[in-house]
Amino acid sequence: MKNQVKTKIITEEYVWQLPVRFYHWINAMCIIVLSVTGYLIGNPPAIQSAAEASFSYWFGVVRFIHFIAAFLFFFNFAFRIYWGFVGNKYSRWYHFIPFKKKQWVEILQVLKIDIMQVTNKPLVSVGHNSLASLTYFLTFIVFLLQSLTGFGLYAAMSDSWFPQLFVWIVPILGGDMGIRNIHHILMWFFILFAVVHVYLVAYHDYIERNGVTSSMIGGWKLVNKEDLKQE
């Protein structure tokens, strides 16, 4: 008797809703702008010019762009927190914190694929896999800390009511110098995270063949119907 081969039925699943995709790309843009302008603010280059100093306000423009991107980053992040309560099942907060044994088993499986590379067996994961979800949750905490330290620094140079809400951060974290150091270190965290993130997305797209890269543009992923039953 011939062995019966189980045929996979591939279908499309709408995973990432439009607000999640908007959040992702706005967040990516803000991190790029904030990292570049933040580095220039921390290490301003000596640009010589024959023009009057008041006519060359480039550093002020850099700071202004940094502040605008910071506000956009913060409120975009606040919206994502809200969407974690009202979005679809792939966006909800219970996916980001590993309460279940199944999630910890999947974390180990992902480590075998991504870090140890002892297996290339595709994961049964329609949304984020459990390790990615946990990593993003920890990243959200870093987002919050970066926002607190940034607006804490901004509070010293602004009389606006919103930055003044964060003035209490300065003494708690060791004064202006301590906050600046934390803010600067977290900038490099974002840069390293972005490099690893892009690599792993491309790697899993190759391993899983489910369109994970394009899904953050169109929202749809290619999935096995049997996998949907396990979600």
# chains A, B, ... in the order shown; residues from 1 in each chain; ligands from 1
call {"tool": "select_by_dssp", "arguments": {"residues": "region 31-215 of chain A", "states": "alpha helix (DSSP H)", "output": "ChimeraX atom specification"}}
result
/A:31-42,58-86,101-114,130-155,161-164,169-172,175-208,212-215
call {"tool": "residues_around", "arguments": {"residues": "Leu222 (chain A)", "least_positions_apart": "5", "cutoff": "9 Å", "atoms": "only C-alpha atoms", "output": "list in words"}}
result
Ile10, Thr11, Glu12, Glu13, Val126, Arg209, Asn210, Gly211, Val212 and Ser215 of chain A
call {"tool": "residues_around", "arguments": {"residues": "Arg21 (chain A)", "least_positions_apart": "5", "cutoff": "10 Å", "atoms": "only C-alpha atoms", "output": "NGL selection string"}}
result
:A and (16 or 26-27 or 215-219)
call {"tool": "closest_residue", "arguments": {"among": "A:His183, A:Ala28, A:Lys89, A:Leu134", "to": "Val198 (chain A)", "atoms": "only C-alpha atoms"}}
result
A:Ala28
call {"tool": "closest_residue", "arguments": {"among": "A:Leu144, A:Ile97, A:Ala132, A:Val15", "to": "Phe74 (chain A)", "atoms": "only C-alpha atoms"}}
result
A:Leu144
call {"tool": "residues_around", "arguments": {"residues": "Ile191 (chain A)", "least_positions_apart": "4", "cutoff": "12 Å", "atoms": "only C-alpha atoms", "output": "number ranges by chain"}}
result
A: 28, 31-36, 38-39, 184-187, 195-198
call {"tool": "select_by_dssp", "arguments": {"residues": "region 2-228 of chain A", "states": "strand (DSSP E or B)", "output": "list in words"}}
result
Ile10, Thr11, Glu12, Glu13, Tyr14, Trp220, Lys221, Leu222, Val223 and Asn224 of chain A
call {"tool": "closest_residue", "arguments": {"among": "A:Leu108, A:Leu173, A:Met157, A:Ile81", "to": "Phe137 (chain A)", "atoms": "only C-alpha atoms"}}
result
A:Ile81
call {"tool": "closest_residue", "arguments": {"among": "A:Phe189, A:Tyr23, A:Trp161, A:Phe151", "to": "Trp83 (chain A)", "atoms": "only C-alpha atoms"}}
result
A:Tyr23
call {"tool": "closest_residue", "arguments": {"among": "A:Gly127, A:Ile169, A:Ile207, A:Gln17", "to": "Arg80 (chain A)", "atoms": "only C-alpha atoms"}}
result
A:Gln17
